$ cat my_file.tsv   # TSV, C-alpha atoms
chain	number	residue	atom	x	y	z
D	204	MET	CA	18.26	12.93	-25.61
D	205	PRO	CA	15.64	15.71	-25.56
D	206	PHE	CA	16.37	16.97	-22.02
D	207	LEU	CA	19.66	18.79	-21.59
D	208	ARG	CA	21.59	20.96	-19.21
D	209	GLU	CA	21.78	24.59	-20.24
D	210	ASP	CA	25.32	24.06	-21.55
D	211	GLY	CA	23.96	21.48	-24.01
D	212	ALA	CA	25.24	18.41	-22.17
D	213	PRO	CA	22.83	15.52	-21.60
D	214	LEU	CA	20.75	15.83	-18.46
D	215	ASP	CA	22.27	13.07	-16.35
D	216	GLU	CA	20.75	14.26	-13.08
D	217	LEU	CA	18.04	16.58	-11.80
D	218	PRO	CA	19.51	19.25	-9.50
D	219	LEU	CA	16.74	19.61	-6.94
D	220	ALA	CA	16.62	20.85	-3.35
D	221	GLN	CA	13.71	19.89	-1.11
D	222	ARG	CA	12.31	23.08	0.43
D	223	PRO	CA	11.62	23.19	3.27
D	224	GLY	CA	13.52	20.12	4.36
D	225	ASP	CA	10.29	18.37	5.41
D	226	GLY	CA	8.15	19.76	2.60
D	227	TYR	CA	6.84	18.41	-0.68
D	228	ARG	CA	8.12	21.12	-3.03
D	229	PHE	CA	11.50	21.26	-4.70
D	230	ALA	CA	13.67	24.09	-5.96
D	231	LEU	CA	15.38	23.57	-9.30
D	232	ARG	CA	19.02	24.46	-8.62
D	233	ALA	CA	20.08	24.79	-12.28
D	234	PRO	CA	18.04	25.36	-15.46
D	235	ILE	CA	17.10	22.46	-17.70
D	236	VAL	CA	16.13	22.66	-21.36
D	237	TYR	CA	14.04	20.48	-23.62
D	238	ASP	CA	14.43	20.10	-27.37
D	239	ASP	CA	11.04	19.28	-28.87
D	240	GLU	CA	12.07	17.13	-31.81
D	241	SER	CA	8.62	17.28	-33.43
D	242	THR	CA	8.64	21.08	-33.73
D	243	GLY	CA	12.33	21.94	-33.49
D	244	ARG	CA	11.65	24.33	-30.60
D	245	ARG	CA	13.65	24.56	-27.39
D	246	TYR	CA	11.98	25.10	-24.03
D	247	ARG	CA	13.66	26.11	-20.78
D	248	ALA	CA	12.77	25.61	-17.13
D	249	PRO	CA	14.52	28.36	-15.10
D	250	ALA	CA	16.24	27.73	-11.81
D	251	ALA	CA	14.89	29.00	-8.52
D	252	GLY	CA	16.27	32.45	-7.80
D	253	GLU	CA	16.12	33.69	-11.39
D	254	ALA	CA	12.83	35.38	-10.46
D	255	PRO	CA	10.66	35.53	-7.33
D	256	PRO	CA	8.90	32.28	-6.31
D	257	PRO	CA	7.12	30.27	-7.55
D	258	VAL	CA	9.56	30.40	-10.51
D	259	GLY	CA	11.86	27.40	-10.22
D	260	ILE	CA	9.66	25.76	-7.57
D	261	THR	CA	7.97	22.46	-8.41
D	262	ASP	CA	6.06	19.65	-6.75
D	263	LEU	CA	7.17	17.35	-9.58
D	264	ALA	CA	4.18	15.49	-11.06
D	265	SER	CA	1.08	16.91	-9.36
D	266	VAL	CA	-0.44	13.54	-8.52
D	267	PRO	CA	-2.81	13.56	-5.51
D	268	THR	CA	-1.16	11.76	-2.62
D	269	SER	CA	-4.03	9.25	-2.50
D	270	LEU	CA	-3.09	8.06	-6.00
D	271	TRP	CA	0.68	7.77	-5.54
D	272	GLY	CA	0.28	3.99	-5.44
D	273	LEU	CA	-0.87	4.11	-9.08
D	274	ILE	CA	1.18	6.98	-10.56
D	275	ALA	CA	4.23	8.25	-8.71
D	276	SER	CA	4.96	11.95	-8.40
D	277	TYR	CA	8.54	11.36	-9.59
D	278	GLY	CA	10.45	9.03	-11.88
D	279	ARG	CA	10.66	9.10	-15.66
D	280	GLN	CA	8.04	11.85	-15.55
D	281	SER	CA	10.14	14.15	-13.34
D	282	ALA	CA	11.86	16.26	-16.02
D	283	PRO	CA	8.67	16.72	-18.10
D	284	ALA	CA	6.77	17.66	-14.92
D	285	ILE	CA	9.39	20.25	-13.93
D	286	LEU	CA	9.26	21.79	-17.39
D	287	HIS	CA	5.46	21.79	-17.36
D	288	ASP	CA	5.36	23.50	-13.97
D	289	ALA	CA	7.62	26.25	-15.35
D	290	GLN	CA	5.44	26.65	-18.44
D	291	SER	CA	2.27	26.73	-16.34
D	292	ILE	CA	3.69	29.50	-14.16
D	293	ALA	CA	4.57	31.50	-17.28
D	294	ALA	CA	1.09	31.00	-18.75
D	295	ALA	CA	-0.58	32.03	-15.49
D	296	ALA	CA	1.36	35.30	-15.58
D	297	LEU	CA	-0.20	36.30	-18.92
D	298	ASP	CA	-2.78	39.08	-18.73
D	299	ASP	CA	-5.24	37.66	-21.25
D	300	ARG	CA	-7.15	34.49	-20.35
D	301	GLU	CA	-7.57	33.35	-23.96
D	302	THR	CA	-3.85	33.83	-24.61
D	303	ALA	CA	-3.04	31.85	-21.50
D	304	LEU	CA	-5.44	29.10	-22.60
D	305	ALA	CA	-3.81	28.84	-26.02
D	306	GLN	CA	-0.35	28.78	-24.45
D	307	ARG	CA	-1.32	26.07	-21.99
D	308	ARG	CA	-2.80	23.92	-24.75
D	309	GLU	CA	0.54	24.04	-26.54
D	310	ASP	CA	2.45	23.44	-23.31
D	311	ASP	CA	0.29	20.47	-22.35
D	312	ASP	CA	0.98	18.84	-25.71
D	313	VAL	CA	4.71	19.42	-25.17
D	314	PHE	CA	4.32	17.76	-21.77
D	315	HIS	CA	2.77	14.70	-23.38
D	316	ARG	CA	5.49	14.40	-26.01
D	317	ALA	CA	8.18	14.79	-23.36
D	318	LEU	CA	6.59	12.07	-21.24
D	319	ARG	CA	6.62	9.65	-24.13
D	320	GLU	CA	10.20	10.51	-25.08
D	321	GLN	CA	11.23	9.82	-21.48
D	322	GLY	CA	9.76	6.34	-21.77
D	323	VAL	CA	6.57	6.86	-19.79
D	324	PRO	CA	4.06	4.16	-20.90
D	325	VAL	CA	1.38	5.19	-23.38
D	326	LEU	CA	-1.62	4.94	-21.05
D	327	ARG	CA	0.12	6.63	-18.13
D	328	ALA	CA	1.35	9.48	-20.33
D	329	ARG	CA	-2.12	9.93	-21.82
D	330	LEU	CA	-3.75	9.99	-18.38
D	331	MET	CA	-1.26	12.56	-17.08
D	332	TRP	CA	-1.81	14.71	-20.17
D	333	ALA	CA	-5.59	14.43	-19.80
D	334	TRP	CA	-5.39	15.41	-16.12
D	335	VAL	CA	-3.42	18.62	-16.70
D	336	SER	CA	-5.50	19.43	-19.78
D	337	ALA	CA	-8.75	19.10	-17.84
D	338	ASP	CA	-7.36	21.42	-15.17
D	339	ARG	CA	-6.35	23.86	-17.90
D	340	GLU	CA	-9.82	23.97	-19.42
D	341	ARG	CA	-11.40	24.38	-15.98
D	342	THR	CA	-9.02	27.22	-15.10
D	343	TYR	CA	-8.93	29.22	-18.33
D	344	ALA	CA	-11.92	28.25	-20.49
D	345	GLY	CA	-14.62	29.53	-18.13
D	346	TRP	CA	-18.06	28.04	-18.64
D	347	ARG	CA	-16.81	26.07	-21.66
D	348	GLY	CA	-14.36	24.23	-19.45
D	349	TRP	CA	-17.03	23.35	-16.93
D	350	LEU	CA	-19.35	22.23	-19.74
D	351	LEU	CA	-16.61	19.96	-21.08
D	352	LEU	CA	-16.10	18.40	-17.66
D	353	ALA	CA	-19.86	17.96	-17.23
D	354	GLN	CA	-20.00	16.12	-20.55
D	355	VAL	CA	-17.14	13.90	-19.40
D	356	ALA	CA	-19.09	13.05	-16.23
D	357	LEU	CA	-22.17	12.17	-18.27
D	358	GLY	CA	-20.02	10.12	-20.64
D	359	VAL	CA	-18.53	8.16	-17.76
D	360	ALA	CA	-22.02	7.43	-16.47
D	361	ALA	CA	-23.11	6.28	-19.95
D	362	VAL	CA	-20.15	3.90	-20.34
D	363	VAL	CA	-20.66	2.41	-16.89
D	364	ALA	CA	-24.38	2.01	-17.58
D	365	ALA	CA	-23.60	0.34	-20.91
D	366	ILE	CA	-21.34	-2.22	-19.23
D	367	VAL	CA	-23.81	-2.95	-16.42
D	368	LEU	CA	-26.77	-3.31	-18.78
D	369	ALA	CA	-24.75	-5.49	-21.14
D	370	VAL	CA	-23.99	-7.86	-18.26
D	371	LEU	CA	-27.44	-7.84	-16.70
D	372	ALA	CA	-29.67	-7.55	-19.78
D	373	HIS	CA	-28.23	-7.91	-23.30
D	374	PRO	CA	-24.85	-7.26	-25.00
D	375	ILE	CA	-26.59	-4.86	-27.42
D	376	TRP	CA	-26.41	-2.29	-24.63
D	377	LEU	CA	-22.66	-1.99	-25.26
D	378	LEU	CA	-23.56	0.22	-28.21
D	379	LEU	CA	-24.44	2.85	-25.62
D	380	ALA	CA	-20.72	3.09	-24.84
D	381	VAL	CA	-20.12	4.55	-28.30
D	382	VAL	CA	-22.36	7.56	-27.62
D	383	PRO	CA	-19.77	9.53	-25.54
D	384	ALA	CA	-17.21	9.23	-28.35
D	385	LEU	CA	-19.70	10.51	-30.91
D	386	ALA	CA	-20.81	13.31	-28.59
D	387	ALA	CA	-17.16	14.31	-28.09
D	388	LEU	CA	-16.90	15.26	-31.77
D	389	VAL	CA	-18.80	18.50	-31.11
D	390	TRP	CA	-15.66	19.74	-29.30
D	391	GLY	CA	-13.53	19.61	-32.44
D	392	GLY	CA	-9.87	19.63	-31.45
D	393	LEU	CA	-10.77	18.94	-27.82
D	394	ALA	CA	-12.58	15.72	-28.70
D	395	ARG	CA	-9.47	13.66	-27.95
D	396	LEU	CA	-9.39	15.18	-24.46
D	397	VAL	CA	-13.03	14.32	-23.78
D	398	ILE	CA	-12.42	10.75	-24.96
D	399	ALA	CA	-9.14	10.45	-23.03
D	400	LEU	CA	-10.97	11.44	-19.85
D	401	THR	CA	-14.22	9.56	-20.34
D	402	TYR	CA	-13.20	5.98	-21.11
D	403	PRO	CA	-10.26	5.58	-18.70
D	404	LEU	CA	-12.33	7.08	-15.86
D	405	ALA	CA	-15.18	4.70	-16.63
D	406	LEU	CA	-12.99	1.60	-16.94
D	407	LEU	CA	-10.49	2.42	-14.19
D	408	GLY	CA	-13.05	3.94	-11.84
D	409	PRO	CA	-13.34	0.80	-9.67
D	410	VAL	CA	-9.55	0.70	-9.26
D	411	LEU	CA	-9.50	4.35	-8.24
D	412	LEU	CA	-12.32	3.82	-5.75
D	413	VAL	CA	-10.50	0.87	-4.14
D	414	GLN	CA	-7.31	2.95	-3.94
D	415	LEU	CA	-9.13	5.91	-2.38
D	416	LEU	CA	-10.96	3.62	0.05
D	417	ALA	CA	-7.70	2.00	1.17
D	418	VAL	CA	-6.04	5.38	1.67
D	419	GLY	CA	-9.10	6.70	3.49
D	420	VAL	CA	-9.06	3.78	5.95
D	421	PHE	CA	-5.33	4.23	6.56
D	422	ARG	CA	-5.71	7.98	7.12
D	423	ALA	CA	-8.58	7.35	9.54
D	424	VAL	CA	-6.44	4.93	11.55
D	425	GLU	CA	-3.57	7.44	11.46
D	426	ALA	CA	-5.86	10.17	12.76
D	427	ILE	CA	-7.12	7.99	15.62
D	428	VAL	CA	-3.58	7.03	16.65
D	429	GLU	CA	-2.46	10.66	16.41
D	430	LEU	CA	-5.41	11.78	18.52
D	431	VAL	CA	-4.73	9.14	21.19
D	432	ALA	CA	-1.04	10.05	21.22
D	433	GLY	CA	-1.87	13.73	21.70
D	434	GLY	CA	-0.43	14.78	18.34
D	435	ASP	CA	-1.77	17.03	15.60
D	436	VAL	CA	-4.53	15.24	13.70
D	437	ARG	CA	-4.13	17.68	10.79
D	438	SER	CA	-0.68	16.27	10.10
D	439	VAL	CA	-2.13	13.08	8.60
D	440	VAL	CA	-3.48	14.99	5.60
D	441	ARG	CA	0.04	15.57	4.32
D	442	PRO	CA	2.21	13.77	6.85
D	443	THR	CA	5.55	15.03	5.54
D	444	VAL	CA	4.71	18.72	5.81
D	445	ARG	CA	4.44	20.78	8.97
D	446	PRO	CA	2.28	23.93	8.94
D	447	PRO	CA	4.34	27.05	8.08
D	448	SER	CA	5.55	28.93	11.13
D	449	ALA	CA	6.51	32.55	11.53
D	450	ASP	CA	10.19	31.73	11.16
D	451	ARG	CA	9.75	29.47	8.16
D	452	PRO	CA	9.42	30.99	4.70
D	453	ARG	CA	6.16	30.25	2.92
D	454	MET	CA	6.04	29.04	-0.68
D	455	HIS	CA	3.03	29.70	-2.84
$ encode --input "my_file.tsv" --output "structure tokens"
Amino acid sequence: MPFLREDGAPLDELPLAQRPGDGYRFALRAPIVYDDESTGRRYRAPAAGEAPPPVGITDLASVPTSLWGLIASYGRQSAPAILHDAQSIAAAALDDRETALAQRREDDDVFHRALREQGVPVLRARLMWAWVSADRERTYAGWRGWLLLAQVALGVAAVVAAIVLAVLAHPIWLLLAVVPALAALVWGGLARLVIALTYPLALLGPVLLVQLLAVGVFRAVEAIVELVAGGDVRSVVRPTVRPPSADRPRMH
């Protein structure tokens, strides 16, 4: 079992405290460690209180609330997500952007391996890895990261166009769907990221749009009811979290 307690015993539970009691973040109450069997390295997620926040503070898997119906923020992915949050905080504290980028690339690969070892399905693990990797490139790679994401957007458009033209005109248009994969090769080691973002977004895009539409309708109804009832309309954005008050500690 790759995830352990700090004393080396198997991790049979995740010691988390919801903070604040109506919030969406959790404090890790005891460290957890991960043995990466592919490299032989051991990684550690520190407990809250070992250093000032946000060390030891996690939102579990950082899935947008609108997509929780597709990928949950907790479950088999919880321990890998907690470890990845700790690694991301450590990388963000580095002074050099390129060093932080290199560290995050390693950490994101560890995250993917941990997801698979925890039994997360192949596609779900790949999508979660691609999501955090895209955010990493956007955050630390500067214009290169934005260029990568722009190419992904163009690739998605090309795949969708290929499918539509193949249905409406001729199946030969499906060859257009190969172009994004060939274009991804210019990114070298990042080609797998470009591909992992492009094709799932193109093929699962309709599902995501339906999910977002359903959530949008529900939130609109919530807002109307809240307004009629004289409540705070802003609370429907994240309904389980109240705005921080002067007597409630803030977490960043």
$ closest_residue --input "my_file.tsv" --among "D:Leu207, D:Val335, D:Leu368, D:Ala344" --to "D:Arg247" --atoms "only C-alpha atoms"
D:Leu207
$ atom_distance --input "my_file.tsv" --atom1 "atom CA of D:Pro267" --atom2 "atom CA of D:Leu350"
23.5 Å
$ closest_atom_pairs --input "my_file.tsv" --of "stretch 289-366 of chain D" --to "stretch 375-386 of chain D" --cutoff "7 Å" --atoms "all atoms listed in the file" --output "tab-separated table"
residue	atom	partner	partner_atom	distance
D:Gly358	CA	D:Pro383	CA	4.9
D:Ala361	CA	D:Ala380	CA	6.3
D:Val362	CA	D:Ala380	CA	4.6
D:Ala365	CA	D:Leu377	CA	5.0
D:Ile366	CA	D:Leu377	CA	6.2
$ residues_around --input "my_file.tsv" --residues "D:Phe229" --least-positions-apart "5" --cutoff "9 Å" --atoms "only C-alpha atoms" --output "JSON, numbers by chain"
{"D": [219, 220, 221, 222, 223, 259, 260, 261, 262, 263]}
$ closest_residue --input "my_file.tsv" --among "D:Gly243, D:Val439, D:Pro283, D:Asp299" --to "D:Val420" --atoms "all atoms listed in the file"
D:Val439
$ residues_around --input "my_file.tsv" --residues "D:Ser269" --least-positions-apart "2" --cutoff "12 Å" --atoms "all atoms listed in the file" --output "PyMOL selection string"
chain D and resi 265-267+271-276+411-422+439-441
$ atom_distance --input "my_file.tsv" --atom1 "atom CA of D:Ile235" --atom2 "atom CA of D:Phe206"
7.0 Å
$ atom_distance --input "my_file.tsv" --atom1 "atom CA of D:Gln354" --atom2 "atom CA of D:Thr302"
24.3 Å
$ closest_residue --input "my_file.tsv" --among "D:Gln280, D:Asp239, D:Ala251, D:Val323" --to "D:Asp310" --atoms "only C-alpha atoms"
D:Asp239
$ closest_residue --input "my_file.tsv" --among "D:Leu270, D:Leu318, D:Leu304, D:Leu388" --to "D:His287" --atoms "all atoms listed in the file"
D:Leu318
$ axis_aligned_box --input "my_file.tsv" --around "stretch 285-304 of chain D" --padding-each-side "6 Å" --output "JSON"
{"center_x": 0.9, "center_y": 29.7, "center_z": -19.3, "size_x": 29.0, "size_y": 30.8, "size_z": 22.7}
$ closest_residue --input "my_file.tsv" --among "D:Pro257, D:Gly433, D:Pro374, D:Pro324" --to "D:Ala293" --atoms "only C-alpha atoms"
D:Pro257
$ closest_residue --input "my_file.tsv" --among "D:Leu407, D:Val424, D:Ala369, D:Val355" --to "D:Leu330" --atoms "all atoms listed in the file"
D:Leu407
$ residues_near_point --input "my_file.tsv" --point "(-12.4, 12.5, -24.6)" --cutoff "12 Å" --atoms "all atoms listed in the file" --output "PyMOL selection string"
chain D and resi 329-330+332-334+336-337+351-359+381-405
$ build_atoms --input "my_file.tsv" --residues "stretch 308-333 of chain D" --atoms "N, CA, C and O atoms" --output "short mmCIF file (atom, residue, chain, number, x, y, z; two decimals), in the frame of the given file"
data_model
loop_
_atom_site.label_atom_id
_atom_site.label_comp_id
_atom_site.auth_asym_id
_atom_site.auth_seq_id
_atom_site.Cartn_x
_atom_site.Cartn_y
_atom_site.Cartn_z
N ARG D 308 -2.49 25.05 -23.87
CA ARG D 308 -2.80 23.92 -24.75
C ARG D 308 -1.55 23.45 -25.47
O ARG D 308 -1.31 22.24 -25.61
N GLU D 309 -0.73 24.40 -25.91
CA GLU D 309 0.54 24.04 -26.54
C GLU D 309 1.47 23.38 -25.52
O GLU D 309 2.09 22.35 -25.80
N ASP D 310 1.55 23.96 -24.33
CA ASP D 310 2.45 23.44 -23.31
C ASP D 310 2.05 22.04 -22.86
O ASP D 310 2.91 21.20 -22.58
N ASP D 311 0.75 21.79 -22.78
CA ASP D 311 0.29 20.47 -22.35
C ASP D 311 0.64 19.41 -23.38
O ASP D 311 0.97 18.26 -23.05
N ASP D 312 0.58 19.78 -24.66
CA ASP D 312 0.98 18.84 -25.71
C ASP D 312 2.49 18.57 -25.65
O ASP D 312 2.94 17.44 -25.87
N VAL D 313 3.27 19.60 -25.35
CA VAL D 313 4.71 19.42 -25.17
C VAL D 313 4.97 18.47 -24.00
O VAL D 313 5.84 17.59 -24.07
N PHE D 314 4.21 18.63 -22.94
CA PHE D 314 4.32 17.76 -21.77
C PHE D 314 4.09 16.31 -22.16
O PHE D 314 4.85 15.41 -21.76
N HIS D 315 3.07 16.06 -22.97
CA HIS D 315 2.77 14.70 -23.38
C HIS D 315 3.89 14.11 -24.24
O HIS D 315 4.31 12.96 -24.03
N ARG D 316 4.40 14.90 -25.17
CA ARG D 316 5.49 14.40 -26.01
C ARG D 316 6.73 14.10 -25.17
O ARG D 316 7.42 13.10 -25.39
N ALA D 317 7.01 14.99 -24.22
CA ALA D 317 8.18 14.79 -23.36
C ALA D 317 8.03 13.53 -22.51
O ALA D 317 9.00 12.79 -22.30
N LEU D 318 6.83 13.28 -22.01
CA LEU D 318 6.59 12.07 -21.24
C LEU D 318 6.89 10.83 -22.07
O LEU D 318 7.57 9.89 -21.60
N ARG D 319 6.40 10.81 -23.29
CA ARG D 319 6.62 9.65 -24.13
C ARG D 319 8.10 9.50 -24.49
O ARG D 319 8.63 8.37 -24.51
N GLU D 320 8.78 10.59 -24.75
CA GLU D 320 10.20 10.51 -25.08
C GLU D 320 11.04 10.05 -23.90
O GLU D 320 12.13 9.50 -24.08
N GLN D 321 10.53 10.28 -22.68
CA GLN D 321 11.23 9.82 -21.48
C GLN D 321 10.90 8.36 -21.16
O GLN D 321 11.39 7.83 -20.17
N GLY D 322 10.07 7.75 -21.97
CA GLY D 322 9.76 6.34 -21.77
C GLY D 322 8.57 6.06 -20.88
O GLY D 322 8.36 4.92 -20.47
N VAL D 323 7.78 7.08 -20.58
CA VAL D 323 6.57 6.86 -19.79
C VAL D 323 5.57 6.06 -20.64
O VAL D 323 5.35 6.40 -21.81
N PRO D 324 4.99 4.98 -20.11
CA PRO D 324 4.06 4.16 -20.90
C PRO D 324 2.92 4.97 -21.50
O PRO D 324 2.52 6.01 -20.96
N VAL D 325 2.39 4.46 -22.61
CA VAL D 325 1.38 5.19 -23.38
C VAL D 325 0.18 5.59 -22.54
O VAL D 325 -0.23 6.75 -22.53
N LEU D 326 -0.41 4.63 -21.82
CA LEU D 326 -1.62 4.94 -21.05
C LEU D 326 -1.33 5.93 -19.94
O LEU D 326 -2.09 6.88 -19.72
N ARG D 327 -0.21 5.73 -19.23
CA ARG D 327 0.12 6.63 -18.13
C ARG D 327 0.36 8.05 -18.64
O ARG D 327 -0.10 9.02 -18.05
N ALA D 328 1.08 8.16 -19.76
CA ALA D 328 1.35 9.48 -20.33
C ALA D 328 0.05 10.15 -20.77
O ALA D 328 -0.15 11.35 -20.57
N ARG D 329 -0.84 9.37 -21.36
CA ARG D 329 -2.12 9.93 -21.82
C ARG D 329 -2.97 10.38 -20.63
O ARG D 329 -3.61 11.44 -20.69
N LEU D 330 -2.97 9.61 -19.56
CA LEU D 330 -3.75 9.99 -18.38
C LEU D 330 -3.19 11.26 -17.74
O LEU D 330 -3.96 12.14 -17.32
N MET D 331 -1.87 11.37 -17.67
CA MET D 331 -1.26 12.56 -17.08
C MET D 331 -1.54 13.78 -17.94
O MET D 331 -1.82 14.87 -17.44
N TRP D 332 -1.48 13.60 -19.25
CA TRP D 332 -1.81 14.71 -20.17
C TRP D 332 -3.27 15.11 -20.01
O TRP D 332 -3.60 16.31 -19.96
N ALA D 333 -4.16 14.13 -19.92
CA ALA D 333 -5.59 14.43 -19.80
C ALA D 333 -5.87 15.16 -18.49
O ALA D 333 -6.70 16.08 -18.44
#
